[in-house]
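Student: What follows is the file run26.cif, containing mmCIF, N, CA and C atoms:
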```cif
data_model
loop_
_atom_site.label_atom_id
_atom_site.label_comp_id
_atom_site.auth_asym_id
_atom_site.auth_seq_id
_atom_site.Cartn_x
_atom_site.Cartn_y
_atom_site.Cartn_z
N MET A 18 -0.72 10.54 16.13
CA MET A 18 0.36 9.81 15.50
C MET A 18 -0.20 9.01 14.33
N ASP A 19 0.44 9.10 13.16
CA ASP A 19 0.00 8.38 11.97
C ASP A 19 0.59 6.97 11.99
N LYS A 20 -0.20 5.98 11.56
CA LYS A 20 0.25 4.59 11.71
C LYS A 20 0.41 3.88 10.36
N VAL A 21 1.22 2.83 10.37
CA VAL A 21 1.39 1.96 9.22
C VAL A 21 0.12 1.13 9.09
N VAL A 22 -0.48 1.13 7.89
CA VAL A 22 -1.74 0.44 7.68
C VAL A 22 -1.69 -0.60 6.56
N HIS A 23 -0.58 -0.69 5.84
CA HIS A 23 -0.52 -1.55 4.66
C HIS A 23 0.95 -1.74 4.31
N PHE A 24 1.25 -2.80 3.58
CA PHE A 24 2.59 -2.99 3.05
C PHE A 24 2.44 -3.48 1.61
N GLU A 25 3.49 -3.30 0.82
CA GLU A 25 3.50 -3.78 -0.55
C GLU A 25 4.81 -4.50 -0.82
N VAL A 26 4.70 -5.67 -1.43
CA VAL A 26 5.87 -6.49 -1.75
C VAL A 26 5.98 -6.61 -3.26
N PRO A 27 7.05 -6.08 -3.85
CA PRO A 27 7.25 -6.25 -5.29
C PRO A 27 7.85 -7.62 -5.58
N ALA A 28 7.53 -8.17 -6.76
CA ALA A 28 8.04 -9.49 -7.11
C ALA A 28 8.37 -9.55 -8.59
N ASP A 29 9.42 -10.25 -8.94
CA ASP A 29 9.75 -10.48 -10.35
C ASP A 29 8.76 -11.47 -10.95
N ASN A 30 8.36 -12.47 -10.15
CA ASN A 30 7.42 -13.50 -10.59
C ASN A 30 6.32 -13.58 -9.52
N THR A 31 5.18 -12.97 -9.80
CA THR A 31 4.13 -12.88 -8.78
C THR A 31 3.57 -14.26 -8.39
N ALA A 32 3.49 -15.19 -9.34
CA ALA A 32 2.98 -16.53 -9.02
C ALA A 32 3.94 -17.23 -8.05
N ARG A 33 5.23 -17.11 -8.30
CA ARG A 33 6.23 -17.72 -7.43
C ARG A 33 6.19 -17.08 -6.04
N ALA A 34 6.07 -15.75 -5.99
CA ALA A 34 6.01 -15.05 -4.71
C ALA A 34 4.77 -15.44 -3.92
N GLN A 35 3.63 -15.55 -4.61
CA GLN A 35 2.40 -15.97 -3.93
C GLN A 35 2.58 -17.34 -3.30
N LYS A 36 3.14 -18.26 -4.04
CA LYS A 36 3.37 -19.62 -3.54
C LYS A 36 4.29 -19.59 -2.31
N PHE A 37 5.35 -18.81 -2.39
CA PHE A 37 6.30 -18.70 -1.29
C PHE A 37 5.64 -18.19 -0.02
N TYR A 38 4.96 -17.03 -0.10
CA TYR A 38 4.37 -16.41 1.09
C TYR A 38 3.21 -17.23 1.65
N ASN A 39 2.50 -17.93 0.78
CA ASN A 39 1.44 -18.80 1.27
C ASN A 39 2.02 -20.00 1.99
N LYS A 40 3.03 -20.62 1.40
CA LYS A 40 3.64 -21.82 1.99
C LYS A 40 4.37 -21.51 3.29
N VAL A 41 5.11 -20.42 3.32
CA VAL A 41 5.91 -20.09 4.50
C VAL A 41 5.07 -19.49 5.62
N PHE A 42 4.21 -18.53 5.29
CA PHE A 42 3.48 -17.79 6.33
C PHE A 42 1.98 -18.06 6.37
N GLY A 43 1.45 -18.79 5.37
CA GLY A 43 0.03 -19.08 5.33
C GLY A 43 -0.81 -17.90 4.88
N TRP A 44 -0.20 -16.90 4.25
CA TRP A 44 -0.93 -15.73 3.80
C TRP A 44 -1.90 -16.09 2.68
N ASN A 45 -3.07 -15.47 2.68
CA ASN A 45 -4.07 -15.66 1.65
C ASN A 45 -3.88 -14.52 0.64
N ILE A 46 -3.58 -14.87 -0.60
CA ILE A 46 -3.29 -13.86 -1.62
C ILE A 46 -4.28 -14.03 -2.77
N THR A 47 -5.00 -12.95 -3.08
CA THR A 47 -6.01 -12.99 -4.15
C THR A 47 -5.83 -11.80 -5.08
N LYS A 48 -6.14 -12.04 -6.35
CA LYS A 48 -6.03 -10.97 -7.35
C LYS A 48 -7.08 -9.90 -7.06
N ALA A 49 -6.65 -8.66 -7.09
CA ALA A 49 -7.55 -7.53 -6.85
C ALA A 49 -8.09 -7.02 -8.18
N PRO A 50 -9.32 -6.51 -8.19
CA PRO A 50 -9.81 -5.90 -9.42
C PRO A 50 -9.02 -4.62 -9.70
N THR A 51 -8.61 -4.45 -10.93
CA THR A 51 -7.86 -3.24 -11.30
C THR A 51 -8.46 -2.65 -12.57
N PRO A 52 -8.33 -1.34 -12.74
CA PRO A 52 -8.84 -0.71 -13.96
C PRO A 52 -8.14 -1.29 -15.20
N LYS A 53 -8.84 -1.27 -16.32
CA LYS A 53 -8.27 -1.77 -17.57
C LYS A 53 -6.95 -1.05 -17.86
N GLY A 54 -5.92 -1.82 -18.17
CA GLY A 54 -4.62 -1.26 -18.48
C GLY A 54 -3.71 -1.08 -17.27
N ALA A 55 -4.28 -1.19 -16.07
CA ALA A 55 -3.46 -1.05 -14.85
C ALA A 55 -2.71 -2.35 -14.59
N PRO A 56 -1.56 -2.28 -13.93
CA PRO A 56 -0.82 -3.50 -13.62
C PRO A 56 -1.61 -4.39 -12.66
N GLU A 57 -1.36 -5.70 -12.75
CA GLU A 57 -2.01 -6.63 -11.83
C GLU A 57 -1.58 -6.33 -10.40
N TYR A 58 -2.52 -6.51 -9.48
CA TYR A 58 -2.25 -6.27 -8.06
C TYR A 58 -2.94 -7.36 -7.27
N TYR A 59 -2.29 -7.85 -6.25
CA TYR A 59 -2.82 -8.93 -5.43
C TYR A 59 -2.93 -8.46 -3.99
N MET A 60 -4.08 -8.71 -3.39
CA MET A 60 -4.28 -8.36 -1.98
C MET A 60 -3.71 -9.49 -1.12
N VAL A 61 -2.95 -9.12 -0.10
CA VAL A 61 -2.34 -10.08 0.81
C VAL A 61 -3.05 -9.97 2.16
N ARG A 62 -3.66 -11.06 2.57
CA ARG A 62 -4.34 -11.09 3.87
C ARG A 62 -3.50 -11.91 4.84
N THR A 63 -2.96 -11.22 5.83
CA THR A 63 -2.14 -11.87 6.86
C THR A 63 -2.95 -12.19 8.10
N VAL A 64 -4.16 -11.62 8.16
CA VAL A 64 -5.05 -11.76 9.32
C VAL A 64 -6.49 -11.63 8.83
N GLU A 65 -7.42 -12.23 9.54
CA GLU A 65 -8.82 -12.15 9.16
C GLU A 65 -9.30 -10.70 9.17
N VAL A 66 -10.28 -10.42 8.30
CA VAL A 66 -10.81 -9.06 8.18
C VAL A 66 -12.30 -9.02 8.51
N ASP A 67 -12.78 -7.81 8.82
CA ASP A 67 -14.20 -7.63 9.10
C ASP A 67 -14.94 -7.29 7.80
N LYS A 68 -16.22 -6.94 7.92
CA LYS A 68 -17.03 -6.65 6.73
C LYS A 68 -16.52 -5.44 5.95
N ASN A 69 -15.73 -4.57 6.58
CA ASN A 69 -15.14 -3.41 5.91
C ASN A 69 -13.73 -3.69 5.39
N ARG A 70 -13.33 -4.96 5.43
CA ARG A 70 -12.01 -5.43 4.99
C ARG A 70 -10.87 -4.89 5.84
N MET A 71 -11.18 -4.57 7.09
CA MET A 71 -10.17 -4.11 8.03
C MET A 71 -9.76 -5.27 8.93
N PRO A 72 -8.47 -5.35 9.34
CA PRO A 72 -8.04 -6.45 10.20
C PRO A 72 -8.84 -6.51 11.50
N LYS A 73 -9.24 -7.73 11.87
CA LYS A 73 -9.96 -7.93 13.12
C LYS A 73 -9.02 -7.88 14.31
N GLU A 74 -7.77 -8.23 14.09
CA GLU A 74 -6.79 -8.28 15.17
C GLU A 74 -6.11 -6.93 15.34
N ARG A 75 -6.17 -6.39 16.53
CA ARG A 75 -5.59 -5.09 16.83
C ARG A 75 -4.09 -5.09 16.53
N GLY A 76 -3.65 -4.09 15.79
CA GLY A 76 -2.23 -3.92 15.48
C GLY A 76 -1.77 -4.67 14.24
N ALA A 77 -2.62 -5.53 13.69
CA ALA A 77 -2.24 -6.30 12.50
C ALA A 77 -2.51 -5.48 11.24
N ILE A 78 -1.76 -5.76 10.18
CA ILE A 78 -2.00 -5.11 8.89
C ILE A 78 -1.98 -6.16 7.79
N ASN A 79 -2.64 -5.84 6.71
CA ASN A 79 -2.61 -6.65 5.50
C ASN A 79 -1.87 -5.85 4.44
N GLY A 80 -1.69 -6.44 3.26
CA GLY A 80 -0.89 -5.73 2.28
C GLY A 80 -1.21 -6.10 0.86
N GLY A 81 -0.22 -5.90 0.00
CA GLY A 81 -0.38 -6.16 -1.42
C GLY A 81 0.90 -6.73 -2.01
N LEU A 82 0.74 -7.35 -3.16
CA LEU A 82 1.85 -7.93 -3.90
C LEU A 82 1.67 -7.50 -5.36
N MET A 83 2.74 -7.06 -5.99
CA MET A 83 2.64 -6.64 -7.38
C MET A 83 3.94 -6.90 -8.10
N LYS A 84 3.88 -6.84 -9.43
CA LYS A 84 5.06 -7.03 -10.26
C LYS A 84 6.05 -5.90 -9.96
N ARG A 85 7.31 -6.29 -9.80
CA ARG A 85 8.37 -5.29 -9.55
C ARG A 85 8.44 -4.35 -10.76
N SER A 86 8.43 -3.04 -10.52
CA SER A 86 8.42 -2.07 -11.62
C SER A 86 9.82 -1.62 -12.04
N VAL A 87 10.78 -1.67 -11.14
CA VAL A 87 12.16 -1.30 -11.46
C VAL A 87 13.11 -2.25 -10.72
N PRO A 88 14.27 -2.54 -11.30
CA PRO A 88 15.22 -3.41 -10.61
C PRO A 88 15.58 -2.86 -9.22
N GLY A 89 15.65 -3.72 -8.24
CA GLY A 89 16.03 -3.30 -6.90
C GLY A 89 14.89 -2.74 -6.06
N GLU A 90 13.67 -2.68 -6.63
CA GLU A 90 12.54 -2.15 -5.87
C GLU A 90 12.31 -3.03 -4.63
N SER A 91 12.16 -2.39 -3.49
CA SER A 91 12.02 -3.08 -2.21
C SER A 91 10.60 -2.98 -1.67
N PRO A 92 10.28 -3.80 -0.66
CA PRO A 92 8.97 -3.66 -0.02
C PRO A 92 8.75 -2.24 0.51
N VAL A 93 7.48 -1.84 0.55
CA VAL A 93 7.11 -0.49 0.97
C VAL A 93 6.08 -0.59 2.09
N VAL A 94 6.27 0.20 3.14
CA VAL A 94 5.23 0.32 4.16
C VAL A 94 4.38 1.53 3.78
N VAL A 95 3.10 1.50 4.15
CA VAL A 95 2.17 2.56 3.79
C VAL A 95 1.60 3.15 5.07
N ILE A 96 1.67 4.47 5.19
CA ILE A 96 1.22 5.19 6.38
C ILE A 96 -0.08 5.92 6.07
N SER A 97 -1.07 5.77 6.93
CA SER A 97 -2.34 6.46 6.78
C SER A 97 -2.23 7.88 7.31
N VAL A 98 -2.65 8.85 6.48
CA VAL A 98 -2.63 10.26 6.86
C VAL A 98 -3.99 10.88 6.53
N PRO A 99 -4.37 11.95 7.23
CA PRO A 99 -5.66 12.57 6.95
C PRO A 99 -5.72 13.29 5.61
N SER A 100 -4.57 13.78 5.11
CA SER A 100 -4.54 14.52 3.85
C SER A 100 -3.17 14.36 3.20
N ILE A 101 -3.13 13.65 2.08
CA ILE A 101 -1.85 13.50 1.38
C ILE A 101 -1.31 14.86 0.97
N SER A 102 -2.17 15.74 0.48
CA SER A 102 -1.72 17.07 0.05
C SER A 102 -1.02 17.81 1.19
N GLY A 103 -1.56 17.73 2.39
CA GLY A 103 -0.94 18.38 3.54
C GLY A 103 0.41 17.76 3.89
N TYR A 104 0.51 16.45 3.76
CA TYR A 104 1.76 15.78 4.09
C TYR A 104 2.83 15.97 3.02
N VAL A 105 2.43 16.17 1.78
CA VAL A 105 3.40 16.46 0.72
C VAL A 105 4.21 17.69 1.11
N LYS A 106 3.54 18.71 1.58
CA LYS A 106 4.23 19.94 2.00
C LYS A 106 5.19 19.66 3.15
N LYS A 107 4.75 18.88 4.14
CA LYS A 107 5.61 18.56 5.29
C LYS A 107 6.82 17.73 4.86
N ILE A 108 6.59 16.78 3.95
CA ILE A 108 7.68 15.92 3.48
C ILE A 108 8.72 16.76 2.74
N GLN A 109 8.27 17.59 1.82
CA GLN A 109 9.20 18.42 1.04
C GLN A 109 9.92 19.41 1.93
N ALA A 110 9.25 19.99 2.89
CA ALA A 110 9.88 20.95 3.81
C ALA A 110 10.91 20.29 4.71
N SER A 111 10.79 18.97 4.87
CA SER A 111 11.71 18.23 5.74
C SER A 111 12.81 17.52 4.96
N GLY A 112 12.89 17.75 3.65
CA GLY A 112 13.97 17.19 2.84
C GLY A 112 13.61 15.94 2.06
N GLY A 113 12.35 15.51 2.10
CA GLY A 113 11.92 14.35 1.33
C GLY A 113 11.47 14.76 -0.07
N LYS A 114 11.28 13.75 -0.94
CA LYS A 114 10.85 13.99 -2.32
C LYS A 114 9.62 13.15 -2.64
N ILE A 115 8.68 13.72 -3.35
CA ILE A 115 7.51 12.98 -3.81
C ILE A 115 7.91 12.24 -5.07
N ILE A 116 7.73 10.92 -5.09
CA ILE A 116 8.13 10.14 -6.27
C ILE A 116 6.94 9.54 -7.01
N LEU A 117 5.77 9.55 -6.38
CA LEU A 117 4.53 9.13 -7.04
C LEU A 117 3.44 10.07 -6.54
N GLN A 118 2.92 10.89 -7.44
CA GLN A 118 1.92 11.87 -7.07
C GLN A 118 0.63 11.20 -6.58
N LYS A 119 -0.13 11.92 -5.80
CA LYS A 119 -1.42 11.45 -5.29
C LYS A 119 -2.30 10.97 -6.44
N MET A 120 -2.84 9.76 -6.28
CA MET A 120 -3.73 9.22 -7.30
C MET A 120 -4.87 8.47 -6.63
N PRO A 121 -6.05 8.46 -7.26
CA PRO A 121 -7.19 7.75 -6.67
C PRO A 121 -7.03 6.25 -6.81
N ILE A 122 -7.51 5.53 -5.81
CA ILE A 122 -7.55 4.06 -5.84
C ILE A 122 -9.03 3.68 -5.72
N GLY A 123 -9.66 3.50 -6.87
CA GLY A 123 -11.09 3.21 -6.88
C GLY A 123 -11.84 4.27 -6.09
N GLU A 124 -12.81 3.82 -5.31
CA GLU A 124 -13.57 4.73 -4.45
C GLU A 124 -13.10 4.64 -3.00
N MET A 125 -11.99 3.89 -2.77
CA MET A 125 -11.51 3.66 -1.41
C MET A 125 -10.72 4.83 -0.85
N GLY A 126 -9.89 5.45 -1.70
CA GLY A 126 -9.05 6.52 -1.19
C GLY A 126 -8.01 6.94 -2.20
N PHE A 127 -6.88 7.45 -1.68
CA PHE A 127 -5.81 7.98 -2.50
C PHE A 127 -4.47 7.45 -2.03
N TYR A 128 -3.53 7.37 -2.97
CA TYR A 128 -2.22 6.80 -2.68
C TYR A 128 -1.14 7.68 -3.29
N ALA A 129 0.00 7.76 -2.62
CA ALA A 129 1.19 8.46 -3.13
C ALA A 129 2.41 7.79 -2.52
N ARG A 130 3.56 8.08 -3.08
CA ARG A 130 4.82 7.58 -2.50
C ARG A 130 5.82 8.72 -2.40
N PHE A 131 6.67 8.63 -1.37
CA PHE A 131 7.73 9.61 -1.21
C PHE A 131 9.03 8.90 -0.87
N GLN A 132 10.12 9.63 -1.05
CA GLN A 132 11.44 9.15 -0.66
C GLN A 132 11.89 10.00 0.51
N ASP A 133 12.29 9.33 1.60
CA ASP A 133 12.72 10.09 2.78
C ASP A 133 14.15 10.57 2.60
N THR A 134 14.70 11.21 3.60
CA THR A 134 16.06 11.77 3.52
C THR A 134 17.14 10.70 3.43
N GLU A 135 16.77 9.43 3.72
CA GLU A 135 17.74 8.33 3.68
C GLU A 135 17.60 7.47 2.42
N GLY A 136 16.72 7.87 1.50
CA GLY A 136 16.53 7.13 0.26
C GLY A 136 15.47 6.04 0.32
N ASN A 137 14.80 5.88 1.47
CA ASN A 137 13.75 4.88 1.60
C ASN A 137 12.47 5.36 0.92
N VAL A 138 11.77 4.43 0.27
CA VAL A 138 10.49 4.75 -0.35
C VAL A 138 9.38 4.32 0.61
N VAL A 139 8.43 5.22 0.85
CA VAL A 139 7.33 4.98 1.78
C VAL A 139 6.04 5.43 1.09
N GLY A 140 4.96 4.69 1.34
CA GLY A 140 3.67 5.03 0.76
C GLY A 140 2.84 5.86 1.71
N LEU A 141 1.92 6.64 1.14
CA LEU A 141 0.94 7.42 1.91
C LEU A 141 -0.45 6.99 1.48
N TRP A 142 -1.36 6.84 2.44
CA TRP A 142 -2.74 6.48 2.16
C TRP A 142 -3.67 7.50 2.78
N GLU A 143 -4.66 7.95 2.01
CA GLU A 143 -5.70 8.85 2.51
C GLU A 143 -7.05 8.20 2.19
N ASN A 144 -7.84 7.93 3.22
CA ASN A 144 -9.17 7.35 3.00
C ASN A 144 -10.03 8.34 2.25
N ALA A 145 -10.90 7.82 1.37
CA ALA A 145 -11.87 8.67 0.69
C ALA A 145 -12.86 9.18 1.73
N LYS A 146 -13.27 10.40 1.56
CA LYS A 146 -14.27 10.98 2.47
C LYS A 146 -15.62 10.38 2.13
N LYS A 147 -16.31 9.88 3.13
CA LYS A 147 -17.64 9.30 2.93
C LYS A 147 -18.67 10.42 2.95
N ALA A 148 -19.63 10.34 2.05
CA ALA A 148 -20.71 11.34 2.02
C ALA A 148 -21.59 11.15 3.24
N LYS A 149 -21.95 12.26 3.89
CA LYS A 149 -22.84 12.19 5.07
C LYS A 149 -24.25 11.91 4.61
N ARG A 150 -24.92 11.06 5.35
CA ARG A 150 -26.30 10.71 5.02
C ARG A 150 -27.26 11.34 5.96
#
```
Go ahead and render the structure in this file as structure tokens.
Tutor:
Amino acid sequence: MDKVVHFEVPADNTARAQKFYNKVFGWNITKAPTPKGAPEYYMVRTVEVDKNRMPKERGAINGGLMKRSVPGESPVVVISVPSISGYVKKIQASGGKIILQKMPIGEMGFYARFQDTEGNVVGLWENAKKAKR
């Protein structure tokens, strides 16, 4: 079974959103390094992480905050899958649409977004394969 591993919250005013989520929930929000020309992105830590930046608490997830790209854009949950390419086929065969093609995220992995049969936007995450030593 594939699990939700991340969430993303779009905001019209990222500074205001950061203040809100920190004040209300105590979330730690920090600017993430992004490639030149890429939109600003903020990592949201809802729970302590280990040395690999994974949540220490079982079942907990962390997320991200970014500038809203289109009016009405809603929060997105992100599901970890072994192969985005393989899931693209399953999504399309089941009536979903790919709305953001697979793209690399640094050396960490790959990201894509799809729209389900009900119009919901959901993210897909594929970890980068580590070289065997």
Student: If the PyMOL selection byres ((chain A and resi 92) around 5) is run on the structure shown, which residues does it catch, given as a PyMOL selection string?
Tutor: chain A and resi 25-27+90-91+93-94
Student: Keeping only N, CA and C atoms, write the selected residues to a file as a short mmCIF file (atom, residue, chain, number, x, y, z; two decimals), keeping the file's coordinate frame.
Tutor:
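Full text of out36.cif as output:
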```
data_model
loop_
_atom_site.label_atom_id
_atom_site.label_comp_id
_atom_site.auth_asym_id
_atom_site.auth_seq_id
_atom_site.Cartn_x
_atom_site.Cartn_y
_atom_site.Cartn_z
N GLU A 25 3.49 -3.30 0.82
CA GLU A 25 3.50 -3.78 -0.55
C GLU A 25 4.81 -4.50 -0.82
N VAL A 26 4.70 -5.67 -1.43
CA VAL A 26 5.87 -6.49 -1.75
C VAL A 26 5.98 -6.61 -3.26
N PRO A 27 7.05 -6.08 -3.85
CA PRO A 27 7.25 -6.25 -5.29
C PRO A 27 7.85 -7.62 -5.58
N GLU A 90 13.67 -2.68 -6.63
CA GLU A 90 12.54 -2.15 -5.87
C GLU A 90 12.31 -3.03 -4.63
N SER A 91 12.16 -2.39 -3.49
CA SER A 91 12.02 -3.08 -2.21
C SER A 91 10.60 -2.98 -1.67
N VAL A 93 7.48 -1.84 0.55
CA VAL A 93 7.11 -0.49 0.97
C VAL A 93 6.08 -0.59 2.09
N VAL A 94 6.27 0.20 3.14
CA VAL A 94 5.23 0.32 4.16
C VAL A 94 4.38 1.53 3.78
#
```
Student: Write out as a tab-separated table the residues of range 72-104 of chain A that have any atom within 12 Å of an atom of range 39-45 of chain A, one row each with the nearest atom pair and its distance in Å to one decimal, counting only C-alpha atoms, sorted by chain and then rising number.
Tutor:
```
residue	atom	partner	partner_atom	distance
A:Ile78	CA	A:Trp44	CA	11.8
A:Asn79	CA	A:Trp44	CA	9.4
A:Gly80	CA	A:Trp44	CA	10.1
A:Gly81	CA	A:Asn45	CA	10.6
A:Leu82	CA	A:Asn45	CA	11.2
```
Student: Using all atoms of range 36-53 of chain A that appear in the file, construct an axis-aligned enclosing box with 6 Å of padding on every side and provide its centre coordinates and edge lengths in Å, rounded to one decimal, as AutoDock Vina command-line options.
Tutor:
```
--center_x -1.8 --center_y -11.3 --center_z -5.7 --size_x 28.1 --size_y 33.1 --size_z 36.2
```
Student: So which residues of chain A fall under strand (DSSP E or B) by DSSP, listed as a PyMOL selection string?
Tutor: chain A and resi 21-28+45-48+58-62+66+72+79-84+93-97+114-122+126-132+138-144
Student: List, as a ChimeraX atom specification, every residue that the PyMOL selection byres ((chain A and resi 122-126) around 7) selects in the file provided.
Tutor: /A:120-121,127-128,142-146
Student: Find the distance between atom N of Lys36 in chain A and atom C of His23 in chain A and write it in Å to one decimal.
Tutor: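 Rounded to one decimal, the two atoms are 18.6 Å apart.
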